[in-house]
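Asks: Data: work.csv, CSV, C-alpha atoms and all ligand atoms.
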```csv
chain,number,residue,atom,x,y,z
A,158,MET,CA,0.0,0.0,0.0
A,159,ARG,CA,2.8,2.4,0.9
A,160,HIS,CA,4.5,1.8,-2.4
A,161,ILE,CA,1.2,2.5,-4.3
A,162,LEU,CA,0.5,5.6,-2.1
A,163,PHE,CA,3.8,7.2,-2.9
A,164,SER,CA,4.1,6.2,-6.5
A,165,ARG,CA,4.1,8.9,-9.1
A,166,GLU,CA,1.5,7.0,-11.1
A,167,PHE,CA,-0.9,7.0,-8.1
A,168,TRP,CA,-0.7,10.7,-7.6
A,169,LEU,CA,-0.7,11.5,-11.3
A,170,GLY,CA,-4.0,9.6,-11.5
A,171,ALA,CA,-5.4,11.3,-8.4
A,172,VAL,CA,-4.5,14.7,-9.7
A,173,LEU,CA,-5.9,14.1,-13.1
A,174,ALA,CA,-9.1,12.8,-11.6
A,175,LEU,CA,-9.5,15.8,-9.3
A,176,LEU,CA,-8.6,18.3,-12.0
A,177,ALA,CA,-10.5,16.9,-14.9
A,178,GLY,CA,-10.8,19.8,-17.4
A,179,CYS,CA,-7.5,21.3,-16.3
A,180,SER,CA,-5.3,19.1,-18.6
A,181,ALA,CA,-1.9,20.5,-19.5
A,182,THR,CA,-0.6,20.7,-23.0
A,183,THR,CA,2.1,18.3,-23.9
A,184,ALA,CA,4.1,20.4,-26.4
A,185,ALA,CA,7.8,20.4,-25.7
A,186,VAL,CA,9.0,23.6,-24.1
A,187,PRO,CA,12.6,24.8,-24.4
A,188,ARG,CA,14.4,25.5,-21.2
A,189,PRO,CA,14.8,29.2,-20.4
A,190,SER,CA,18.2,30.7,-21.0
A,191,SER,CA,18.7,31.1,-17.2
A,192,LYS,CA,19.3,27.3,-17.1
A,193,THR,CA,22.5,27.7,-19.1
A,194,ALA,CA,23.8,30.2,-16.6
A,195,TYR,CA,24.6,27.3,-14.3
A,196,ASN,CA,27.1,26.1,-16.9
A,197,LEU,CA,27.4,22.8,-15.0
A,198,PRO,CA,27.5,19.2,-16.3
A,199,PRO,CA,24.3,17.2,-15.7
A,200,ILE,CA,24.2,15.0,-12.7
A,201,SER,CA,23.6,11.3,-13.4
A,202,GLY,CA,22.2,8.9,-10.9
A,203,THR,CA,19.9,10.1,-8.1
A,204,THR,CA,19.6,7.1,-5.8
A,205,ALA,CA,22.0,4.7,-4.2
A,206,THR,CA,25.0,6.1,-5.9
A,207,PRO,CA,28.1,7.7,-4.5
A,208,HIS,CA,27.6,11.5,-4.3
A,209,PRO,CA,29.2,13.4,-7.1
A,210,LYS,CA,32.1,15.8,-6.4
A,211,ALA,CA,30.7,18.9,-4.7
A,212,GLY,CA,32.1,21.1,-7.5
A,213,SER,CA,29.9,19.4,-10.1
A,214,LEU,CA,26.6,19.9,-8.3
A,215,VAL,CA,23.9,22.5,-9.2
A,216,ASP,CA,24.0,25.3,-6.8
A,217,ILE,CA,20.4,25.5,-5.4
A,218,VAL,CA,21.0,28.1,-2.7
A,219,ARG,CA,19.2,31.4,-3.2
A,220,ASP,CA,21.3,34.4,-2.4
A,221,PRO,CA,19.2,36.2,0.2
A,222,SER,CA,20.0,39.6,-1.4
A,223,ASP,CA,18.6,38.3,-4.7
A,224,LEU,CA,15.3,40.2,-4.8
A,225,PRO,CA,13.9,43.1,-6.9
A,226,PRO,CA,13.7,46.7,-5.7
A,227,SER,CA,10.6,48.2,-4.2
A,228,VAL,CA,7.8,49.1,-6.6
A,229,GLY,CA,8.1,52.6,-5.3
A,230,THR,CA,5.4,55.1,-6.4
A,231,ARG,CA,4.6,53.5,-9.8
A,232,PRO,CA,0.9,53.0,-10.7
A,233,ALA,CA,-0.7,49.5,-10.9
A,234,ARG,CA,0.2,47.7,-14.1
A,235,ARG,CA,0.5,44.3,-15.8
A,236,VAL,CA,3.2,42.1,-14.5
A,237,GLU,CA,4.6,38.8,-16.0
A,238,VAL,CA,6.0,36.1,-13.7
A,239,ASN,CA,7.9,33.2,-15.3
A,240,LEU,CA,8.3,30.1,-13.2
A,241,TYR,CA,10.3,27.1,-14.4
A,242,THR,CA,10.0,23.9,-12.4
A,243,GLU,CA,13.2,21.9,-12.4
A,244,GLU,CA,14.4,18.8,-10.6
A,245,VAL,CA,18.1,19.0,-9.8
A,246,THR,CA,20.7,17.3,-7.5
A,247,GLY,CA,22.3,19.8,-5.2
A,248,ARG,CA,24.5,20.1,-2.1
A,249,LEU,CA,22.5,19.7,1.1
A,250,ALA,CA,25.5,19.8,3.3
A,251,ASP,CA,29.3,19.3,3.0
A,252,GLY,CA,29.6,15.8,1.6
A,253,THR,CA,25.9,15.3,1.3
A,254,THR,CA,23.6,15.6,-1.8
A,255,TYR,CA,19.9,15.7,-2.3
A,256,ASP,CA,17.4,15.7,-5.2
A,257,TYR,CA,15.7,19.1,-5.0
A,258,TRP,CA,12.6,20.1,-6.8
A,259,THR,CA,12.8,23.8,-7.5
A,260,PHE,CA,11.2,26.9,-9.0
A,261,ASN,CA,13.8,28.3,-11.3
A,262,GLY,CA,16.7,26.2,-10.0
A,263,LYS,CA,17.0,27.7,-6.6
A,264,VAL,CA,15.6,27.3,-3.1
A,265,PRO,CA,13.6,29.3,-2.4
A,266,GLY,CA,12.1,30.2,-5.8
A,267,PRO,CA,12.3,33.7,-7.2
A,268,PHE,CA,11.0,36.6,-5.0
A,269,VAL,CA,8.0,38.0,-6.8
A,270,ARG,CA,7.4,41.7,-6.1
A,271,VAL,CA,4.2,43.4,-7.2
A,272,ARG,CA,1.9,46.2,-5.9
A,273,VAL,CA,-1.7,46.2,-5.0
A,274,GLY,CA,-3.9,46.5,-8.1
A,275,ASP,CA,-1.4,44.8,-10.4
A,276,GLU,CA,-2.7,42.3,-13.0
A,277,VAL,CA,-0.3,39.5,-12.6
A,278,THR,CA,0.2,36.8,-15.2
A,279,VAL,CA,1.9,33.7,-14.0
A,280,HIS,CA,3.5,31.3,-16.6
A,281,LEU,CA,4.6,27.9,-15.3
A,282,THR,CA,6.8,25.7,-17.4
A,283,ASN,CA,7.7,22.2,-16.2
A,284,ASP,CA,11.2,21.0,-17.3
A,285,PRO,CA,10.9,18.2,-19.9
A,286,ALA,CA,13.2,16.1,-17.8
A,287,SER,CA,11.0,16.3,-14.7
A,288,SER,CA,9.8,13.1,-13.2
A,289,MET,CA,6.7,14.8,-11.7
A,290,MET,CA,3.9,17.1,-12.5
A,291,HIS,CA,4.3,20.5,-10.7
A,292,SER,CA,2.1,23.5,-10.1
A,293,VAL,CA,2.0,26.7,-8.0
A,294,ASP,CA,-0.4,27.8,-5.3
A,295,MET,CA,0.2,31.5,-4.4
A,296,HIS,CA,-1.3,32.7,-1.2
A,297,ALA,CA,-1.8,36.1,-2.6
A,298,VAL,CA,-4.2,34.8,-5.2
A,299,LEU,CA,-8.0,34.9,-4.9
A,300,GLY,CA,-9.0,31.8,-7.0
A,301,PRO,CA,-9.2,28.0,-6.8
A,302,GLY,CA,-6.1,26.5,-5.4
A,303,GLY,CA,-4.4,29.9,-5.4
A,304,GLY,CA,-3.6,29.0,-9.0
A,305,ALA,CA,-2.8,25.4,-8.4
A,306,SER,CA,-6.0,24.1,-10.2
A,307,ALA,CA,-4.9,26.0,-13.3
A,308,THR,CA,-1.2,24.9,-13.2
A,309,GLN,CA,-1.0,21.1,-12.8
A,310,THR,CA,1.7,20.9,-15.4
A,311,ASN,CA,3.1,17.8,-17.1
A,312,PRO,CA,6.8,17.5,-17.8
A,313,GLY,CA,7.6,19.6,-20.9
A,314,ALA,CA,4.3,21.5,-20.8
A,315,SER,CA,3.3,25.1,-19.9
A,316,THR,CA,0.3,26.5,-18.1
A,317,GLY,CA,-0.7,29.7,-16.4
A,318,PHE,CA,-3.2,32.1,-15.0
A,319,THR,CA,-3.8,35.8,-14.4
A,320,PHE,CA,-4.9,37.3,-11.1
A,321,ARG,CA,-5.4,40.7,-9.6
A,322,ALA,CA,-3.3,41.5,-6.5
A,323,THR,CA,-5.9,42.7,-4.2
A,324,THR,CA,-4.3,42.6,-0.8
A,325,PRO,CA,-1.0,44.0,0.4
A,326,GLY,CA,1.1,41.5,2.3
A,327,LEU,CA,4.0,39.0,2.2
A,328,PHE,CA,2.7,35.7,0.9
A,329,VAL,CA,4.2,32.2,0.5
A,330,TYR,CA,3.8,30.3,-2.7
A,331,HIS,CA,4.5,26.6,-3.2
A,332,CYS,CA,3.9,23.6,-5.4
A,333,ALA,CA,0.5,22.1,-4.8
A,334,THR,CA,0.8,18.8,-6.7
A,335,PRO,CA,0.2,15.7,-4.5
A,336,MET,CA,1.9,14.6,-2.4
A,337,ILE,CA,2.0,18.3,-1.6
A,338,ALA,CA,4.2,17.9,1.5
A,339,ALA,CA,6.8,16.1,-0.5
A,340,HIS,CA,6.9,18.8,-3.2
A,341,ILE,CA,7.3,21.5,-0.5
A,342,ALA,CA,9.9,19.5,1.5
A,343,ASN,CA,11.9,19.0,-1.7
A,344,GLY,CA,12.3,22.8,-2.2
A,345,MET,CA,9.2,24.0,-4.1
A,346,TYR,CA,8.4,27.2,-2.4
A,347,GLY,CA,9.0,31.0,-2.5
A,348,MET,CA,7.3,34.2,-1.7
A,349,ILE,CA,5.4,37.0,-3.4
A,350,LEU,CA,5.2,40.5,-1.9
A,351,VAL,CA,2.2,42.6,-2.7
A,352,GLU,CA,3.3,46.2,-1.7
A,353,PRO,CA,0.8,48.8,-0.8
A,354,ALA,CA,0.3,51.8,-3.1
A,355,GLY,CA,3.4,54.0,-2.7
A,356,GLY,CA,5.6,51.0,-1.9
A,357,LEU,CA,7.3,50.1,1.3
A,358,SER,CA,9.5,52.6,3.2
A,359,LYS,CA,13.1,52.8,2.1
A,360,VAL,CA,15.7,50.7,4.1
A,361,SER,CA,19.4,50.2,3.7
A,362,ARG,CA,19.3,46.5,3.0
A,363,GLU,CA,16.6,43.9,2.3
A,364,TYR,CA,17.0,40.1,2.6
A,365,TYR,CA,14.9,37.1,1.5
A,366,VAL,CA,15.1,34.1,3.8
A,367,MET,CA,12.9,31.0,3.9
A,368,GLN,CA,13.0,28.2,6.4
A,369,GLY,CA,12.4,24.6,5.1
A,370,GLU,CA,12.5,21.1,6.4
A,371,ILE,CA,14.2,18.1,4.7
A,372,TYR,CA,13.4,14.5,5.5
A,373,THR,CA,16.1,12.0,4.8
A,374,SER,CA,16.4,8.3,4.9
A,375,LYS,CA,19.7,8.5,6.8
A,376,PRO,CA,20.4,10.5,9.9
A,377,TYR,CA,21.5,14.1,9.9
A,378,GLY,CA,25.1,14.5,9.0
A,379,SER,CA,25.4,11.2,6.9
A,380,SER,CA,27.6,11.6,3.9
A,381,GLY,CA,26.7,10.6,0.4
A,382,HIS,CA,23.4,11.0,-1.4
A,383,GLN,CA,20.2,11.3,0.7
A,384,ASP,CA,16.8,10.2,-0.4
A,385,LEU,CA,13.5,11.6,0.8
A,386,SER,CA,12.1,9.6,3.7
A,387,TYR,CA,8.3,9.5,3.4
A,388,ALA,CA,8.2,7.8,6.8
A,389,HIS,CA,9.9,10.8,8.4
A,390,LEU,CA,7.7,13.2,6.4
A,391,MET,CA,4.5,11.5,7.5
A,392,ALA,CA,5.7,11.4,11.1
A,393,GLU,CA,6.6,15.1,10.9
A,394,THR,CA,10.2,14.5,12.1
A,395,PRO,CA,12.5,16.5,9.9
A,396,ASP,CA,16.1,15.4,9.7
A,397,TYR,CA,17.4,18.7,8.5
A,398,PHE,CA,16.1,22.3,8.9
A,399,VAL,CA,17.6,24.8,6.4
A,400,PHE,CA,17.5,28.4,5.5
A,401,ASN,CA,17.5,29.0,1.8
A,402,GLY,CA,17.8,25.3,0.9
A,403,ALA,CA,21.0,24.0,2.4
A,404,VAL,CA,23.1,23.7,5.5
A,405,GLY,CA,25.5,26.6,5.7
A,406,ALA,CA,23.7,28.6,2.9
A,407,LEU,CA,23.5,31.7,5.0
A,408,THR,CA,26.6,31.2,7.2
A,409,HIS,CA,29.4,30.4,4.9
A,410,LYS,CA,28.0,31.1,1.4
A,411,TYR,CA,25.8,34.1,1.8
A,412,PRO,CA,26.0,35.6,5.3
A,413,LEU,CA,23.7,38.6,5.9
A,414,THR,CA,25.7,41.7,6.4
A,415,GLY,CA,25.1,45.3,7.5
A,416,LYS,CA,26.6,48.3,9.2
A,417,VAL,CA,25.9,49.9,12.6
A,418,GLY,CA,22.9,52.3,12.2
A,419,GLU,CA,21.6,50.8,8.9
A,420,ARG,CA,18.0,49.8,8.7
A,421,ILE,CA,17.7,46.1,7.7
A,422,ARG,CA,14.5,44.4,6.5
A,423,ILE,CA,14.1,40.6,6.3
A,424,PHE,CA,11.3,39.1,4.3
A,425,PHE,CA,11.0,35.8,6.1
A,426,GLY,CA,8.8,32.8,5.1
A,427,ASN,CA,8.3,29.4,6.7
A,428,ALA,CA,7.8,26.8,4.0
A,429,GLY,CA,7.4,24.0,6.5
A,430,PRO,CA,5.8,21.8,5.5
A,431,ASN,CA,5.1,20.9,9.1
A,432,LYS,CA,6.8,22.9,11.8
A,433,PRO,CA,6.3,26.5,13.1
A,434,SER,CA,9.3,28.7,13.2
A,435,SER,CA,10.2,30.8,16.3
A,436,LEU,CA,12.4,33.4,14.5
A,437,HIS,CA,14.9,35.1,16.7
A,438,ALA,CA,18.0,37.2,16.0
A,439,VAL,CA,20.5,36.6,18.8
A,440,GLY,CA,21.7,39.9,20.3
A,441,LEU,CA,19.3,42.0,18.3
A,442,ILE,CA,15.7,43.2,18.8
A,443,PHE,CA,13.2,43.5,16.0
A,444,ASP,CA,12.2,47.2,15.9
A,445,LYS,CA,9.2,46.3,13.7
A,446,VAL,CA,7.4,43.0,13.0
A,447,TYR,CA,4.6,42.8,10.5
A,448,VAL,CA,3.1,39.7,12.0
A,449,ASP,CA,1.9,37.0,9.6
A,450,GLY,CA,3.1,39.1,6.7
A,451,SER,CA,0.2,41.5,7.1
A,452,LEU,CA,0.9,44.9,5.7
A,453,GLU,CA,-2.6,46.2,6.5
A,454,SER,CA,-2.0,46.0,10.2
A,455,PRO,CA,0.3,48.2,12.2
A,456,PRO,CA,3.6,46.4,13.1
A,457,LEU,CA,4.5,45.2,16.6
A,458,ARG,CA,7.5,47.0,18.0
A,459,GLY,CA,10.4,45.7,20.2
A,460,VAL,CA,10.0,42.0,19.5
A,461,GLN,CA,12.4,39.2,20.6
A,462,THR,CA,10.9,36.2,18.8
A,463,VAL,CA,8.3,35.9,16.1
A,464,LEU,CA,6.1,32.8,15.7
A,465,ILE,CA,5.6,32.0,12.0
A,466,PRO,CA,3.4,29.0,11.0
A,467,PRO,CA,4.1,26.7,8.1
A,468,GLY,CA,2.8,28.5,5.0
A,469,GLY,CA,3.2,31.9,6.8
A,470,ALA,CA,5.5,34.8,6.7
A,471,ALA,CA,6.7,37.9,8.6
A,472,MET,CA,8.4,41.1,7.6
A,473,VAL,CA,10.9,42.1,10.2
A,474,GLU,CA,13.0,45.3,10.5
A,475,PHE,CA,15.8,46.1,12.8
A,476,THR,CA,18.7,48.6,13.2
A,477,PRO,CA,21.9,47.1,14.6
A,478,ARG,CA,23.5,49.4,17.1
A,479,VAL,CA,26.6,47.4,18.1
A,480,PRO,CA,29.1,45.8,15.7
A,481,GLY,CA,29.8,42.1,15.8
A,482,LYS,CA,28.7,38.6,14.6
A,483,TYR,CA,25.1,37.8,15.2
A,484,MET,CA,22.9,34.8,14.4
A,485,LEU,CA,19.4,34.4,13.0
A,486,VAL,CA,17.9,31.2,14.4
A,487,ASP,CA,14.7,29.4,15.1
A,488,HIS,CA,14.5,29.5,18.9
A,489,ALA,CA,13.4,25.9,18.9
A,490,ILE,CA,17.1,26.0,19.3
A,491,VAL,CA,17.9,22.3,18.8
A,492,ARG,CA,17.3,23.0,15.1
A,493,VAL,CA,20.7,24.7,15.0
A,494,GLU,CA,22.1,21.2,15.4
A,495,ARG,CA,20.1,20.2,12.3
A,496,GLY,CA,21.5,22.9,10.1
A,497,LEU,CA,19.3,25.9,10.8
A,498,ARG,CA,21.5,29.0,11.3
A,499,ALA,CA,22.2,32.2,9.5
A,500,ALA,CA,25.0,34.7,10.2
A,501,ILE,CA,24.4,38.4,10.4
A,502,ASN,CA,27.8,40.2,10.4
A,503,ILE,CA,27.6,43.9,11.5
A,504,SER,CA,30.5,46.2,11.0
A,505,GLY,CA,31.1,49.6,12.4
A,506,PRO,CA,32.6,51.5,15.4
A,507,LYS,CA,32.3,50.0,18.8
A,508,GLN,CA,29.5,51.4,21.0
A,509,PRO,CA,30.7,51.0,24.6
A,510,GLU,CA,27.8,53.0,25.9
A,511,LEU,CA,25.5,50.2,24.7
A,512,PHE,CA,27.7,47.2,25.1
A,513,ALA,CA,31.0,46.7,26.8
A,514,PRO,CA,32.5,43.3,27.6
A,515,TRP,CA,34.7,43.1,30.7
A,516,THR,CA,36.7,40.5,32.7
A,517,LYS,CA,38.0,40.6,36.2
B,1,CU,CU,5.9,20.1,-7.5
```
Will you turn the file into structure tokens for me?
Replies:
Amino acid sequence: MRHILFSREFWLGAVLALLAGCSATTAAVPRPSSKTAYNLPPISGTTATPHPKAGSLVDIVRDPSDLPPSVGTRPARRVEVNLYTEEVTGRLADGTTYDYWTFNGKVPGPFVRVRVGDEVTVHLTNDPASSMMHSVDMHAVLGPGGGASATQTNPGASTGFTFRATTPGLFVYHCATPMIAAHIANGMYGMILVEPAGGLSKVSREYYVMQGEIYTSKPYGSSGHQDLSYAHLMAETPDYFVFNGAVGALTHKYPLTGKVGERIRIFFGNAGPNKPSSLHAVGLIFDKVYVDGSLESPPLRGVQTVLIPPGGAAMVEFTPRVPGKYMLVDHAIVRVERGLRAAINISGPKQPELFAPWTK
């Protein structure tokens, strides 16, 4: 039964039965040019094989500074969003690889930034080499499945939908093809920001960070290639917790940086699929927290830890006053031991009136 339940054919059948009338086209679709930007050899073998050399892997980590600028004061307009679903083998941790399912080759997927009133057209193309159907459910969408009913897309096919951005806020999007939890755990998530008219206030730096869970057949820290463990997924017992897709993504590869006195904004999303996040910046205090990603409610001020449910988000802002090395964590702190940690490196002059270490 387990084999049947988790087989691709079972879920393909279920989806097609559920979504009769939403069939995808089967015309071959060329890969977007962005694919070639990786300039990496294909990875062969995805299960029970020695892990490839780390240097030959696709880099799935999203740079947290990779996000568009604010919409500013522009009027509402039409916006095109191109999503390309792609299954790749990437580095999960040093010496450990994993088969990720992605939007546009990175985890999280692209940060989509629109303003209220925009007419947004979403194009979803599924890589011809995909093993699965994929789709997208955007929490900013008013419509069936958040767009998922219109975008169940076969490998090599394209689908899409158009929606009106009605509500300012920071929203999660994710693949919603059964088994949905597996598609999310494998990396198929991102965020869409709907800015209010006039845009967000100006800040010095903005970062895009998402928390995810990875369920592996071998224990945390095992070397070699890791397969998804459906047993662990169903039991809601993640083996890894990651920011932006991989262990060390935001410590060694892309640490967050800033200077004393700068205003820093983090767009933070929790992909889950199962666990809430207790977001905390060690040694810092969030000046403003837009709870649950709501931009229509006033922010909380002076917040230590922010609770963010799976499928939820928060926009947090802070101004570091003291230079040093800080950490962004989930205050369910044991998750640090499972890979969940981001560095925030703040430079600038010492501030002894605020903080002064001493020894006897
Ligand atoms: Cu998917």
Asks: For segment 291-299 of chain A, please output as number ranges by chain all residues within 7 Å (counting only C-alpha atoms; exclusion window: fewer than 4 positions along the same chain).
Replies: A: 242, 283, 303-305, 308-310, 320, 322, 328-334
Asks: Take the residues from that selection and write them out as a tab-separated table (two decimals), keeping the file's coordinate frame, keeping C-alpha atoms.
Replies:
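So the final result, stored in result.tsv, reads:
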```
chain	number	residue	atom	x	y	z
A	242	THR	CA	10.00	23.90	-12.40
A	283	ASN	CA	7.70	22.20	-16.20
A	303	GLY	CA	-4.40	29.90	-5.40
A	304	GLY	CA	-3.60	29.00	-9.00
A	305	ALA	CA	-2.80	25.40	-8.40
A	308	THR	CA	-1.20	24.90	-13.20
A	309	GLN	CA	-1.00	21.10	-12.80
A	310	THR	CA	1.70	20.90	-15.40
A	320	PHE	CA	-4.90	37.30	-11.10
A	322	ALA	CA	-3.30	41.50	-6.50
A	328	PHE	CA	2.70	35.70	0.90
A	329	VAL	CA	4.20	32.20	0.50
A	330	TYR	CA	3.80	30.30	-2.70
A	331	HIS	CA	4.50	26.60	-3.20
A	332	CYS	CA	3.90	23.60	-5.40
A	333	ALA	CA	0.50	22.10	-4.80
A	334	THR	CA	0.80	18.80	-6.70
```
Asks: If we count all atoms listed in the file, what is near segment 510-516 of chain A at a cut-off of 10 Å, once residues fewer than 6 positions away on the same chain are taken out, given as a list in words?
Replies: Arg478, Val479 and Pro480 of chain A
Asks: Generate the output file for the selected residues, C-alpha atoms, as a CSV table (one decimal), keeping the file's coordinate frame.
Replies:
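Produced file again30.csv, reproduced below:
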```csv
chain,number,residue,atom,x,y,z
A,478,ARG,CA,23.5,49.4,17.1
A,479,VAL,CA,26.6,47.4,18.1
A,480,PRO,CA,29.1,45.8,15.7
```
Asks: Between A:Gly402, A:Gly496, A:Gly274, A:Gly326, which has the minimum distance to Asp216 of chain A (counting all atoms listed in the file)?
Replies: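 The closest residue to Asp216 of chain A is A:Gly402.
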Asks: What is the atom CA of Gly247 of chain A to atom CA of Ala438 of chain A distance in Å?
Replies: 27.8 Å
Asks: May I ask which of the residues A:His340, A:His389, A:Lys410, A:Arg219 is the closest one to ligand CU 1 (chain B), counting only C-alpha atoms and all ligand atoms?
Replies: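 So, comparing all the options, the nearest one is A:His340.
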Asks: Between atom CA of Pro395 of chain A and atom CA of Tyr372 of chain A, what distance in Å does the model show, to one decimal?
Replies: 4.9 Å
Asks: When you count all atoms listed in the file, which of these residues is closest to ligand CU 1 (chain B): A:Pro301, A:Pro335, A:Pro225, A:Pro232?
Replies: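 For ligand CU 1 (chain B), the nearest of the candidates is A:Pro335.
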Asks: Could you give me, as a PDB file with C-alpha atoms, in the frame of the given file, the residues within 9 Å of Pro466 of chain A, counting only C-alpha atoms and dropping anything in the same chain fewer than 6 positions from it?
Replies:
```pdb
ATOM      1  CA  GLY A 426       8.800  32.800   5.100  1.00  0.00           C
ATOM      2  CA  ASN A 427       8.300  29.400   6.700  1.00  0.00           C
ATOM      3  CA  ALA A 428       7.800  26.800   4.000  1.00  0.00           C
ATOM      4  CA  GLY A 429       7.400  24.000   6.500  1.00  0.00           C
ATOM      5  CA  ASN A 431       5.100  20.900   9.100  1.00  0.00           C
ATOM      6  CA  LYS A 432       6.800  22.900  11.800  1.00  0.00           C
ATOM      7  CA  PRO A 433       6.300  26.500  13.100  1.00  0.00           C
ATOM      8  CA  SER A 434       9.300  28.700  13.200  1.00  0.00           C
ATOM      9  CA  SER A 435      10.200  30.800  16.300  1.00  0.00           C
ATOM     10  CA  ASP A 449       1.900  37.000   9.600  1.00  0.00           C
TER      11      ASP A 449
END
```
